[in-house]
Amino acid sequence: MKKSVILASMVASFLMSGTAFAAGKASKEQQDDAEYMMRKIVEDIHARKLRTTVTDTTLDKSIQVVGAPVKFMDKKKGKNSKELFACAHVSLKTKIRNGKKVVHQVKRTDELCKGTKSGKVLYVADIR
């Protein structure tokens, strides 16, 4: 009887710790959603030349992305072509939550450039 109680308690503790461990990580779907939100914020800041901080939050408040413009460049030459690009550097901070606990944070600077003649779009993530 005592052995079965000990065995049952060990099994229960392993199951509880496994679900708690899984709840402490951001899922691949959440990370993909956050990546999409970050790109959209950079595109909005570049398209409208916004000078203020932009915040985007999901409806369930599990993902929050804050983007702030760092620098706008109207004339930047491309490396391979002689075309001029209009560029925007944007600083991004992302928090992914499970409940009230933050399980994943991302801080990075992205750059979006658009060609003045051809309209070619260049997106570079995580510029250092």
# chains A, B, ... in the order shown; residues from 1 in each chain; ligands from 1
>>> residues_around(residues="A:Ile41", least_positions_apart="4", cutoff="12 Å", atoms="only C-alpha atoms", output="PyMOL selection string")
chain A and resi 34-37+45-50+52-57+64-69+88-94+109-112
>>> select_by_dssp(residues="chain A", states="strand (DSSP E or B)", output="PyMOL selection string")
chain A and resi 54-57+63-77+84-98+101-115+121-124
>>> atom_distance(atom1="atom CA of A:Asp126", atom2="atom CA of A:Lys107")
8.6 Å
>>> residues_around(residues="A:Glu83", least_positions_apart="3", cutoff="9 Å", atoms="only C-alpha atoms", output="PyMOL selection string")
chain A and resi 76-80+115-118
>>> write_last_selection(atoms="C-alpha atoms", output="mmCIF file, in the first residue's frame")
data_model
loop_
_atom_site.group_PDB
_atom_site.id
_atom_site.type_symbol
_atom_site.label_atom_id
_atom_site.label_comp_id
_atom_site.auth_asym_id
_atom_site.auth_seq_id
_atom_site.Cartn_x
_atom_site.Cartn_y
_atom_site.Cartn_z
ATOM 1 C CA LYS A 76 21.194 55.729 -49.202
ATOM 2 C CA LYS A 77 22.983 54.049 -52.104
ATOM 3 C CA GLY A 78 22.668 50.323 -52.597
ATOM 4 C CA LYS A 79 25.797 48.159 -52.436
ATOM 5 C CA ASN A 80 25.312 46.313 -55.728
ATOM 6 C CA GLY A 115 14.016 51.861 -53.727
ATOM 7 C CA THR A 116 13.026 55.297 -55.012
ATOM 8 C CA LYS A 117 12.812 54.223 -58.680
ATOM 9 C CA SER A 118 12.072 50.503 -58.722
#
>>> atom_distance(atom1="atom CA of A:Cys113", atom2="atom CA of A:Lys95")
25.6 Å
>>> select_by_dssp(residues="stretch 29-74 of chain A", states="helix (DSSP H, G or I)", output="list of chain:residue names")
A:Glu29, A:Gln30, A:Gln31, A:Asp32, A:Asp33, A:Ala34, A:Glu35, A:Tyr36, A:Met37, A:Met38, A:Arg39, A:Lys40, A:Ile41, A:Val42, A:Glu43, A:Asp44, A:Ile45, A:His46, A:Ala47, A:Arg48
>>> residues_around(residues="A:Val103", least_positions_apart="3", cutoff="7 Å", atoms="only C-alpha atoms", output="NGL selection string")
:A and (24-26 or 96-98)
